[in-house]
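As provided, input-v7.pdb (PDB, C-alpha atoms, pLDDT in the B column) reads as follows.
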```pdb
ATOM      1  CA  MET C   1      92.425  97.395  92.594  1.00 81.00           C
ATOM      2  CA  ILE C   2      90.009  95.892  95.108  1.00 88.00           C
ATOM      3  CA  ILE C   3      91.289  94.168  98.260  1.00 92.00           C
ATOM      4  CA  PHE C   4      89.053  92.094 100.511  1.00 93.00           C
ATOM      5  CA  SER C   5      89.836  90.912 104.052  1.00 93.00           C
ATOM      6  CA  LEU C   6      87.878  88.730 106.482  1.00 92.00           C
ATOM      7  CA  ASN C   7      88.558  86.960 109.757  1.00 91.00           C
ATOM      8  CA  LEU C   8      86.527  83.843 108.908  1.00 87.00           C
ATOM      9  CA  ARG C   9      86.684  82.126 112.303  1.00 80.00           C
ATOM     10  CA  ARG C  10      86.681  78.602 110.898  1.00 76.00           C
ATOM     11  CA  GLY C  11      86.333  77.877 107.195  1.00 71.00           C
ATOM     12  CA  GLY C  12      85.495  74.178 107.242  1.00 68.00           C
ATOM     13  CA  SER C  13      81.823  74.771 106.543  1.00 77.00           C
ATOM     14  CA  ARG C  14      80.911  74.636 102.845  1.00 80.00           C
ATOM     15  CA  ALA C  15      78.225  77.259 103.477  1.00 81.00           C
ATOM     16  CA  LYS C  16      80.861  79.646 104.849  1.00 83.00           C
ATOM     17  CA  ARG C  17      83.180  79.077 101.919  1.00 83.00           C
ATOM     18  CA  LYS C  18      80.348  79.696  99.464  1.00 86.00           C
ATOM     19  CA  ARG C  19      79.535  82.960 101.199  1.00 86.00           C
ATOM     20  CA  VAL C  20      83.156  84.095 101.025  1.00 88.00           C
ATOM     21  CA  GLY C  21      83.142  83.129  97.340  1.00 89.00           C
ATOM     22  CA  TYR C  22      80.035  85.268  96.862  1.00 89.00           C
ATOM     23  CA  HIS C  23      81.825  88.326  98.293  1.00 87.00           C
ATOM     24  CA  ILE C  24      84.917  87.714  96.160  1.00 88.00           C
ATOM     25  CA  GLN C  25      83.086  87.147  92.879  1.00 87.00           C
ATOM     26  CA  ARG C  26      80.455  89.834  93.357  1.00 84.00           C
ATOM     27  CA  GLY C  27      83.087  92.427  94.217  1.00 79.00           C
ATOM     28  CA  ASP C  28      85.503  91.464  91.422  1.00 84.00           C
ATOM     29  CA  VAL C  29      88.261  91.226  94.039  1.00 90.00           C
ATOM     30  CA  ASP C  30      91.943  91.401  93.023  1.00 90.00           C
ATOM     31  CA  ILE C  31      93.461  90.284  96.331  1.00 92.00           C
ATOM     32  CA  CYS C  32      91.777  88.416  99.181  1.00 93.00           C
ATOM     33  CA  PHE C  33      93.117  87.926 102.721  1.00 93.00           C
ATOM     34  CA  ILE C  34      91.353  85.349 104.900  1.00 92.00           C
ATOM     35  CA  GLN C  35      92.409  84.903 108.519  1.00 90.00           C
ATOM     36  CA  GLU C  36      91.527  82.216 111.073  1.00 88.00           C
ATOM     37  CA  THR C  37      90.613  79.628 108.451  1.00 87.00           C
ATOM     38  CA  LYS C  38      91.209  76.790 110.983  1.00 86.00           C
ATOM     39  CA  LEU C  39      92.076  74.664 107.929  1.00 83.00           C
ATOM     40  CA  SER C  40      95.048  72.501 106.984  1.00 81.00           C
ATOM     41  CA  GLY C  41      95.956  71.277 103.526  1.00 82.00           C
ATOM     42  CA  ILE C  42      94.058  73.814 101.420  1.00 86.00           C
ATOM     43  CA  ASP C  43      93.796  72.478  97.874  1.00 87.00           C
ATOM     44  CA  THR C  44      93.353  73.843  94.370  1.00 89.00           C
ATOM     45  CA  ASN C  45      89.671  72.955  94.091  1.00 88.00           C
ATOM     46  CA  LEU C  46      88.765  74.849  97.266  1.00 87.00           C
ATOM     47  CA  VAL C  47      90.533  78.004  96.105  1.00 90.00           C
ATOM     48  CA  LYS C  48      89.123  77.924  92.570  1.00 89.00           C
ATOM     49  CA  ASP C  49      85.646  77.277  93.924  1.00 87.00           C
ATOM     50  CA  MET C  50      85.891  80.355  96.146  1.00 88.00           C
ATOM     51  CA  TRP C  51      87.434  82.494  93.429  1.00 90.00           C
ATOM     52  CA  GLY C  52      85.017  81.424  90.724  1.00 88.00           C
ATOM     53  CA  GLY C  53      87.653  80.569  88.093  1.00 86.00           C
ATOM     54  CA  ASP C  54      91.184  79.323  87.483  1.00 87.00           C
ATOM     55  CA  GLN C  55      92.960  82.645  86.818  1.00 88.00           C
ATOM     56  CA  VAL C  56      94.146  82.697  90.393  1.00 90.00           C
ATOM     57  CA  GLU C  57      97.174  82.032  92.565  1.00 91.00           C
ATOM     58  CA  TRP C  58      97.388  81.644  96.326  1.00 90.00           C
ATOM     59  CA  SER C  59      99.550  81.067  99.367  1.00 89.00           C
ATOM     60  CA  TYR C  60      98.478  79.725 102.741  1.00 89.00           C
ATOM     61  CA  LEU C  61      99.631  78.943 106.240  1.00 88.00           C
ATOM     62  CA  ASP C  62      98.076  75.875 107.856  1.00 87.00           C
ATOM     63  CA  ALA C  63      96.164  76.204 111.091  1.00 83.00           C
ATOM     64  CA  TYR C  64      98.007  74.994 114.156  1.00 79.00           C
ATOM     65  CA  GLY C  65      95.686  72.823 116.208  1.00 70.00           C
ATOM     66  CA  ALA C  66      92.453  74.709 116.764  1.00 67.00           C
ATOM     67  CA  SER C  67      93.842  78.151 115.982  1.00 72.00           C
ATOM     68  CA  GLY C  68      95.180  80.223 113.119  1.00 84.00           C
ATOM     69  CA  GLY C  69      95.326  79.551 109.425  1.00 88.00           C
ATOM     70  CA  ILE C  70      95.879  82.240 106.776  1.00 89.00           C
ATOM     71  CA  LEU C  71      94.887  82.128 103.109  1.00 91.00           C
ATOM     72  CA  THR C  72      95.926  84.777 100.566  1.00 92.00           C
ATOM     73  CA  ILE C  73      94.406  84.651  97.078  1.00 93.00           C
ATOM     74  CA  TRP C  74      95.141  86.976  94.167  1.00 92.00           C
ATOM     75  CA  LYS C  75      94.204  87.495  90.535  1.00 90.00           C
ATOM     76  CA  LYS C  76      96.924  86.312  88.144  1.00 86.00           C
ATOM     77  CA  LYS C  77      96.681  89.151  85.675  1.00 79.00           C
ATOM     78  CA  THR C  78      96.713  91.827  88.388  1.00 78.00           C
ATOM     79  CA  CYS C  79      99.320  90.674  90.899  1.00 76.00           C
ATOM     80  CA  SER C  80     102.459  88.596  91.127  1.00 72.00           C
ATOM     81  CA  LEU C  81     104.209  87.100  94.135  1.00 67.00           C
ATOM     82  CA  SER C  82     107.636  88.493  94.965  1.00 65.00           C
ATOM     83  CA  ILE C  83     108.186  87.070  98.438  1.00 54.00           C
ATOM     84  CA  ILE C  84     105.953  86.048 101.283  1.00 53.00           C
ATOM     85  CA  ALA C  85     107.054  85.021 104.749  1.00 52.00           C
ATOM     86  CA  LEU C  86     104.474  83.728 107.231  1.00 59.00           C
ATOM     87  CA  GLU C  87     105.175  82.445 110.659  1.00 51.00           C
ATOM     88  CA  GLU C  88     102.686  81.035 113.157  1.00 47.00           C
ATOM     89  CA  ARG C  89     103.314  82.441 116.626  1.00 47.00           C
ATOM     90  CA  GLY C  90     100.009  81.713 118.301  1.00 47.00           C
ATOM     91  CA  GLY C  91      97.684  84.068 120.128  1.00 49.00           C
ATOM     92  CA  ASP C  92      95.575  86.943 118.838  1.00 57.00           C
ATOM     93  CA  PHE C  93      96.411  90.524 118.009  1.00 71.00           C
ATOM     94  CA  ASN C  94      93.262  92.378 119.041  1.00 82.00           C
ATOM     95  CA  SER C  95      94.547  95.888 119.699  1.00 87.00           C
ATOM     96  CA  ILE C  96      92.648  99.141 119.285  1.00 89.00           C
ATOM     97  CA  SER C  97      94.087 102.603 118.677  1.00 88.00           C
ATOM     98  CA  SER C  98      91.672 104.628 120.840  1.00 87.00           C
ATOM     99  CA  PHE C  99      89.097 104.084 123.585  1.00 87.00           C
ATOM    100  CA  GLU C 100      86.287 104.895 121.124  1.00 86.00           C
ATOM    101  CA  GLU C 101      87.076 101.720 119.178  1.00 89.00           C
ATOM    102  CA  ARG C 102      85.794  99.413 121.934  1.00 89.00           C
ATOM    103  CA  ILE C 103      82.540  99.497 123.898  1.00 89.00           C
ATOM    104  CA  GLY C 104      80.875  97.145 126.375  1.00 87.00           C
ATOM    105  CA  VAL C 105      83.962  96.569 128.564  1.00 80.00           C
ATOM    106  CA  SER C 106      86.101  98.699 130.849  1.00 75.00           C
ATOM    107  CA  ASN C 107      88.808 100.442 128.870  1.00 68.00           C
ATOM    108  CA  ARG C 108      91.078 101.260 131.798  1.00 71.00           C
ATOM    109  CA  SER C 109      93.149  98.127 131.348  1.00 75.00           C
ATOM    110  CA  TYR C 110      93.740  98.897 127.655  1.00 81.00           C
ATOM    111  CA  ARG C 111      95.573 102.222 128.022  1.00 84.00           C
ATOM    112  CA  ARG C 112      99.069 100.732 127.816  1.00 87.00           C
ATOM    113  CA  GLU C 113      98.040  98.468 124.907  1.00 88.00           C
ATOM    114  CA  ILE C 114      96.633 101.458 123.001  1.00 88.00           C
ATOM    115  CA  ASN C 115      99.830 103.441 123.524  1.00 89.00           C
ATOM    116  CA  ILE C 116     101.993 100.549 122.318  1.00 91.00           C
ATOM    117  CA  PHE C 117      99.809 100.023 119.243  1.00 91.00           C
ATOM    118  CA  ASN C 118      99.935 103.703 118.296  1.00 89.00           C
ATOM    119  CA  GLU C 119     103.694 103.753 118.791  1.00 90.00           C
ATOM    120  CA  PHE C 120     103.949 100.743 116.466  1.00 91.00           C
ATOM    121  CA  ILE C 121     101.881 102.524 113.791  1.00 90.00           C
ATOM    122  CA  GLU C 122     104.070 105.614 114.110  1.00 88.00           C
ATOM    123  CA  ASP C 123     107.386 103.742 114.172  1.00 90.00           C
ATOM    124  CA  MET C 124     106.465 101.728 111.077  1.00 91.00           C
ATOM    125  CA  ASP C 125     105.345 104.910 109.274  1.00 89.00           C
ATOM    126  CA  LEU C 126     101.868 103.506 108.613  1.00 90.00           C
ATOM    127  CA  VAL C 127      98.521 105.215 108.090  1.00 88.00           C
ATOM    128  CA  ASP C 128      95.294 104.052 109.745  1.00 88.00           C
ATOM    129  CA  LEU C 129      92.762 105.135 107.128  1.00 85.00           C
ATOM    130  CA  PRO C 130      89.311 106.430 108.106  1.00 84.00           C
ATOM    131  CA  THR C 131      86.465 103.935 107.826  1.00 86.00           C
ATOM    132  CA  ILE C 132      83.096 104.140 106.090  1.00 86.00           C
ATOM    133  CA  GLY C 133      80.145 101.810 106.460  1.00 85.00           C
ATOM    134  CA  GLY C 134      80.128 100.214 109.896  1.00 84.00           C
ATOM    135  CA  LYS C 135      82.180 101.362 112.873  1.00 86.00           C
ATOM    136  CA  PHE C 136      83.003  98.078 114.651  1.00 91.00           C
ATOM    137  CA  THR C 137      84.490  95.008 112.997  1.00 93.00           C
ATOM    138  CA  TRP C 138      83.818  92.499 115.801  1.00 92.00           C
ATOM    139  CA  ILE C 139      80.668  92.039 117.882  1.00 89.00           C
ATOM    140  CA  ASN C 140      80.215  89.309 120.477  1.00 87.00           C
ATOM    141  CA  SER C 141      77.230  86.963 120.548  1.00 82.00           C
ATOM    142  CA  ASN C 142      75.103  89.069 122.902  1.00 82.00           C
ATOM    143  CA  GLY C 143      75.658  92.193 120.825  1.00 83.00           C
ATOM    144  CA  LYS C 144      76.829  94.271 123.791  1.00 85.00           C
ATOM    145  CA  THR C 145      80.600  94.169 123.344  1.00 91.00           C
ATOM    146  CA  MET C 146      82.058  95.637 120.143  1.00 92.00           C
ATOM    147  CA  SER C 147      85.557  96.454 118.894  1.00 92.00           C
ATOM    148  CA  GLN C 148      87.310  97.741 115.810  1.00 91.00           C
ATOM    149  CA  ILE C 149      90.108  95.163 115.773  1.00 92.00           C
ATOM    150  CA  ASP C 150      90.280  94.524 112.015  1.00 93.00           C
ATOM    151  CA  ARG C 151      91.849  97.152 109.756  1.00 92.00           C
ATOM    152  CA  PHE C 152      94.275  97.897 106.946  1.00 93.00           C
ATOM    153  CA  LEU C 153      97.434  99.779 107.942  1.00 93.00           C
ATOM    154  CA  LEU C 154      99.128 101.168 104.835  1.00 91.00           C
ATOM    155  CA  LEU C 155     102.263 102.951 103.789  1.00 90.00           C
ATOM    156  CA  GLU C 156     101.748 106.499 102.571  1.00 86.00           C
ATOM    157  CA  SER C 157     103.400 105.577  99.273  1.00 88.00           C
ATOM    158  CA  PHE C 158     100.752 102.884  98.659  1.00 88.00           C
ATOM    159  CA  ILE C 159      97.955 105.334  99.494  1.00 86.00           C
ATOM    160  CA  GLU C 160      99.369 107.894  97.098  1.00 83.00           C
ATOM    161  CA  ASP C 161     100.080 105.444  94.258  1.00 84.00           C
ATOM    162  CA  TRP C 162      96.661 103.762  94.435  1.00 82.00           C
ATOM    163  CA  LYS C 163      94.652 106.849  95.433  1.00 82.00           C
ATOM    164  CA  VAL C 164      93.134 105.087  98.454  1.00 85.00           C
ATOM    165  CA  ASP C 165      91.066 107.343 100.698  1.00 77.00           C
ATOM    166  CA  SER C 166      89.190 104.992 103.062  1.00 82.00           C
ATOM    167  CA  GLN C 167      88.430 101.429 104.058  1.00 89.00           C
ATOM    168  CA  TYR C 168      84.874 100.098 103.949  1.00 91.00           C
ATOM    169  CA  ILE C 169      83.496  97.940 106.787  1.00 92.00           C
ATOM    170  CA  GLY C 170      80.691  95.658 105.625  1.00 90.00           C
ATOM    171  CA  GLU C 171      77.940  93.771 107.440  1.00 87.00           C
ATOM    172  CA  ARG C 172      78.680  90.588 109.388  1.00 86.00           C
ATOM    173  CA  ASP C 173      77.158  87.372 108.061  1.00 84.00           C
ATOM    174  CA  VAL C 174      79.235  84.162 108.222  1.00 85.00           C
ATOM    175  CA  SER C 175      81.570  85.296 111.014  1.00 89.00           C
ATOM    176  CA  ASP C 176      81.439  87.448 114.136  1.00 89.00           C
ATOM    177  CA  HIS C 177      83.967  89.641 112.302  1.00 92.00           C
ATOM    178  CA  ALA C 178      82.885  92.037 109.559  1.00 92.00           C
ATOM    179  CA  PRO C 179      84.533  91.954 106.107  1.00 92.00           C
ATOM    180  CA  ILE C 180      86.649  94.925 105.023  1.00 94.00           C
ATOM    181  CA  TRP C 181      87.195  96.269 101.513  1.00 92.00           C
ATOM    182  CA  LEU C 182      89.963  98.512 100.295  1.00 90.00           C
ATOM    183  CA  LYS C 183      89.399 100.147  96.917  1.00 81.00           C
ATOM    184  CA  ASP C 184      91.550 102.444  94.836  1.00 76.00           C
ATOM    185  CA  ASN C 185      90.099 105.651  93.505  1.00 68.00           C
ATOM    186  CA  ARG C 186      91.747 106.712  90.269  1.00 56.00           C
ATOM    187  CA  LYS C 187      89.934 110.033  90.270  1.00 49.00           C
ATOM    188  CA  ASP C 188      91.765 113.133  91.449  1.00 46.00           C
ATOM    189  CA  TRP C 189      90.605 113.081  95.068  1.00 40.00           C
ATOM    190  CA  GLY C 190      93.049 115.755  96.238  1.00 44.00           C
ATOM    191  CA  PRO C 191      95.702 115.417  98.931  1.00 47.00           C
ATOM    192  CA  LYS C 192      96.419 112.088 100.602  1.00 49.00           C
ATOM    193  CA  PRO C 193      95.124 111.568 104.177  1.00 52.00           C
ATOM    194  CA  PHE C 194      96.804 113.730 106.791  1.00 55.00           C
ATOM    195  CA  LYS C 195      98.659 111.316 109.062  1.00 59.00           C
ATOM    196  CA  PHE C 196      98.057 112.147 112.711  1.00 60.00           C
ATOM    197  CA  ASN C 197      99.360 110.618 115.910  1.00 65.00           C
ATOM    198  CA  ASN C 198      96.947 110.879 118.847  1.00 63.00           C
ATOM    199  CA  MET C 199      99.931 110.815 121.198  1.00 66.00           C
ATOM    200  CA  TRP C 200     100.708 114.397 120.124  1.00 70.00           C
ATOM    201  CA  PHE C 201      97.681 115.610 122.089  1.00 68.00           C
ATOM    202  CA  LYS C 202      99.434 114.593 125.307  1.00 70.00           C
ATOM    203  CA  HIS C 203     102.155 117.192 124.801  1.00 74.00           C
ATOM    204  CA  GLU C 204     101.199 120.251 126.815  1.00 79.00           C
ATOM    205  CA  GLU C 205     102.474 122.645 124.155  1.00 82.00           C
ATOM    206  CA  PHE C 206     100.973 120.893 121.123  1.00 82.00           C
ATOM    207  CA  ASP C 207      97.860 123.078 120.703  1.00 84.00           C
ATOM    208  CA  SER C 208      99.777 126.328 121.026  1.00 87.00           C
ATOM    209  CA  PHE C 209     102.500 125.067 118.676  1.00 86.00           C
ATOM    210  CA  VAL C 210      99.978 124.148 115.939  1.00 85.00           C
ATOM    211  CA  GLU C 211      98.163 127.480 116.282  1.00 87.00           C
ATOM    212  CA  GLU C 212     101.402 129.466 116.150  1.00 88.00           C
ATOM    213  CA  GLU C 213     102.793 127.556 113.152  1.00 86.00           C
ATOM    214  CA  TRP C 214      99.471 127.725 111.263  1.00 87.00           C
ATOM    215  CA  ASN C 215      99.380 131.503 111.612  1.00 87.00           C
ATOM    216  CA  LYS C 216     102.965 131.782 110.346  1.00 87.00           C
ATOM    217  CA  ILE C 217     102.202 130.000 107.059  1.00 87.00           C
ATOM    218  CA  GLN C 218     101.348 132.459 104.290  1.00 84.00           C
ATOM    219  CA  VAL C 219      99.912 131.097 101.025  1.00 77.00           C
ATOM    220  CA  LYS C 220      98.107 132.996  98.276  1.00 73.00           C
ATOM    221  CA  GLY C 221      95.543 131.579  95.864  1.00 64.00           C
ATOM    222  CA  ARG C 222      92.157 129.831  95.887  1.00 64.00           C
ATOM    223  CA  GLY C 223      90.817 128.753  99.251  1.00 71.00           C
ATOM    224  CA  ASP C 224      91.136 125.013  98.560  1.00 64.00           C
ATOM    225  CA  TYR C 225      94.693 125.437  97.260  1.00 64.00           C
ATOM    226  CA  CYS C 226      95.722 127.476 100.308  1.00 75.00           C
ATOM    227  CA  LEU C 227      94.271 124.873 102.676  1.00 81.00           C
ATOM    228  CA  VAL C 228      96.132 122.002 100.994  1.00 74.00           C
ATOM    229  CA  GLU C 229      99.444 123.874 100.945  1.00 76.00           C
ATOM    230  CA  LYS C 230      99.137 124.985 104.572  1.00 82.00           C
ATOM    231  CA  LEU C 231      98.347 121.422 105.695  1.00 81.00           C
ATOM    232  CA  LYS C 232     101.367 120.086 103.800  1.00 77.00           C
ATOM    233  CA  THR C 233     103.629 122.692 105.382  1.00 82.00           C
ATOM    234  CA  LEU C 234     102.182 122.105 108.841  1.00 81.00           C
ATOM    235  CA  LYS C 235     102.710 118.364 108.484  1.00 76.00           C
ATOM    236  CA  ASN C 236     106.393 118.884 107.764  1.00 75.00           C
ATOM    237  CA  ARG C 237     106.802 121.191 110.740  1.00 77.00           C
ATOM    238  CA  ILE C 238     105.072 118.762 113.118  1.00 75.00           C
ATOM    239  CA  SER C 239     107.165 115.845 111.872  1.00 64.00           C
TER     240      SER C 239
END
```

Please go through the file and, once you have read it, give me the structure as structure tokens.
Amino acid sequence: MIIFSLNLRRGGSRAKRKRVGYHIQRGDVDICFIQETKLSGIDTNLVKDMWGGDQVEWSYLDAYGASGGILTIWKKKTCSLSIIALEERGGDFNSISSFEERIGVSNRSYRREINIFNEFIEDMDLVDLPTIGGKFTWINSNGKTMSQIDRFLLLESFIEDWKVDSQYIGERDVSDHAPIWLKDNRKDWGPKPFKFNNMWFKHEEFDSFVEEEWNKIQVKGRGDYCLVEKLKTLKNRIS
């Protein structure tokens, strides 16, 4: 399965829609999420034109005034709609999970926001997968301020079932946001990503606890097998 996501920042331009269609068709996408379409009344012809065929279904939320608008498109033979609930609340959700994910501005004012975002990820039992390709998903017009504010947050069960190991950040072209791809890997890529909460580092006894528990774990076998088993055991003890 291939999933594509892009914050389009206004989709009224035919040139923009053609470019999005190029990404979808070239990548043989199964599901496409487009945010900030700034469009109302999306019709069948627009969706089929972007998708490059009629074997497609979609759901959308109209833009409210000059903001918002969400379009979800999926391949008929791959996916089916169970339930979808969208509600327009206004405003932007531009949080980062660490100071390294934003440069060009002072990060001091973002400490509380970062903590809240990481607590949300932890409370919802989500995994923030590592990225490949680019590092930042949004760059302002002067090229000096950059942030990683676009990402997939996934359940561990989805990662395990679809063998997902990373999310790919592409190059910007029709928007100041970069597109993101999520691809499954049906090969045996080993253990699923080790979920880690950066907040643990703030506990004064965390380092000593990890070292002590790691040394307690005794596993026999090949080196790679021992590493996997010790990580699994350590994860359970930390949780």

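With distances taken over all atoms listed in the file, C:Asp173 is the one residue among C:Asp207, C:Glu113, C:Asp173, C:Glu212 lying closest to Arg19 in chain C.
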
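Straight-line separation from CA of Trp58 in chain C to CA of Leu8 in chain C: 16.8 Å.
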
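CA of Asp161 in chain C to CA of Leu234 in chain C spans 22.2 Å [interatomic distance, one decimal].
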
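With all atoms listed in the file taken into account, the protein and nucleic acid residues at most 7 Å from range 33-39 of chain C (excluding it and anything under 2 positions from it in its own chain) are Phe4, Ser5, Leu6, Asn7, Leu8, Arg9, Arg10, Gly11, Gly12, Ile31, Gly41, Ile42, Asp62, Ala63, Ala66, Ser67, Gly68, Gly69, Ile70, Leu71, Thr72 and Ile73 of chain C.
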
If we count only C-alpha atoms and set the cut-off at 7 Å, which residues sit around Lys183 in chain C, ignoring sequence neighbours fewer than 5 positions away in its own chain? Please answer as an mmCIF file with C-alpha atoms, in the coordinates of the input.
```cif
data_model
loop_
_atom_site.group_PDB
_atom_site.id
_atom_site.type_symbol
_atom_site.label_atom_id
_atom_site.label_comp_id
_atom_site.auth_asym_id
_atom_site.auth_seq_id
_atom_site.Cartn_x
_atom_site.Cartn_y
_atom_site.Cartn_z
ATOM 1 C CA MET C 1 92.425 97.395 92.594
ATOM 2 C CA ILE C 2 90.009 95.892 95.108
ATOM 3 C CA ILE C 3 91.289 94.168 98.260
ATOM 4 C CA VAL C 164 93.134 105.087 98.454
#
```

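Minimum distance to Ser98 in chain C across C:Gln148, C:Glu57, C:Ala15, C:Ile238 (counting only C-alpha atoms) occurs at C:Gln148.
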
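Candidate residues C:Gln55, C:Ile121, C:Gly65, C:Glu204 were compared for distance to Lys77 in chain C, and the nearest is C:Gln55, using only C-alpha atoms.
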
Residues within 12 Å of Arg111 in chain C, all atoms listed in the file, excluding chain neighbours under 6 positions, as a PDB file with C-alpha atoms, keeping the file's coordinate frame:
```
ATOM      1  CA  SER C  95      94.547  95.888 119.699  1.00 87.00           C
ATOM      2  CA  ILE C  96      92.648  99.141 119.285  1.00 89.00           C
ATOM      3  CA  SER C  97      94.087 102.603 118.677  1.00 88.00           C
ATOM      4  CA  SER C  98      91.672 104.628 120.840  1.00 87.00           C
ATOM      5  CA  PHE C  99      89.097 104.084 123.585  1.00 87.00           C
ATOM      6  CA  GLU C 100      86.287 104.895 121.124  1.00 86.00           C
ATOM      7  CA  ARG C 102      85.794  99.413 121.934  1.00 89.00           C
ATOM      8  CA  PHE C 117      99.809 100.023 119.243  1.00 91.00           C
ATOM      9  CA  ASN C 118      99.935 103.703 118.296  1.00 89.00           C
ATOM     10  CA  MET C 199      99.931 110.815 121.198  1.00 66.00           C
TER      11      MET C 199
END
```

Subject >> Separation of CA of Glu211 in chain C from CA of Glu156 in chain C in Å >> reply: 25.3 Å

First collect every listed atom of range 11-24 of chain C; then fit an axis-aligned box around them, widen it by 8 Å on each side, and give centre and edge lengths in Å to one decimal, as lines of an AutoDock Vina configuration file.
```
center_x = 82.3
center_y = 81.3
center_z = 101.7
size_x = 24.1
size_y = 30.1
size_z = 27.1
```

**OP:** Would you kindly return, as a PyMOL selection string, each protein, DNA or RNA residue with an atom no farther than 7 Å from any atom of Ile103 in chain C, considering only C-alpha atoms and excluding same-chain residues fewer than 2 positions away?
**Re:** chain C and resi 101+105+145-147

Store the residues picked out above, limited to C-alpha atoms, as an mmCIF file, in the frame of the given file.
```
data_model
loop_
_atom_site.group_PDB
_atom_site.id
_atom_site.type_symbol
_atom_site.label_atom_id
_atom_site.label_comp_id
_atom_site.auth_asym_id
_atom_site.auth_seq_id
_atom_site.Cartn_x
_atom_site.Cartn_y
_atom_site.Cartn_z
ATOM 1 C CA GLU C 101 87.076 101.720 119.178
ATOM 2 C CA VAL C 105 83.962 96.569 128.564
ATOM 3 C CA THR C 145 80.600 94.169 123.344
ATOM 4 C CA MET C 146 82.058 95.637 120.143
ATOM 5 C CA SER C 147 85.557 96.454 118.894
#
```

**OP:** Expand the PyMOL selection byres ((chain C and resi 217) around 12) into the individual residues it matches in the shown file, reporting them as a ChimeraX atom specification.
**Re:** /C:210-216,218-220,226-237

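Comparing C:Pro130, C:Gly223, C:Gly143, C:Gly21 by their smallest distance to Gly53 in chain C, the closest is C:Gly21 (using all atoms listed in the file).
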
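In terms of minimum interatomic distance to Thr44 in chain C, C:Tyr60 ranks closest within C:Ser80, C:Phe136, C:Asp30, C:Tyr60, counting all atoms listed in the file.
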
Subject >> Selection result of the PyMOL selection byres ((chain C and resi 131) around 12) on this file, as a ChimeraX atom specification >> reply: /C:101,128-130,132-137,148,150-153,164-170,180-183

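Using only C-alpha atoms, the shortest contact distance between Val20 in chain C and any of C:Ser175, C:Trp200, C:Asn142, C:Leu154 is found at C:Ser175.
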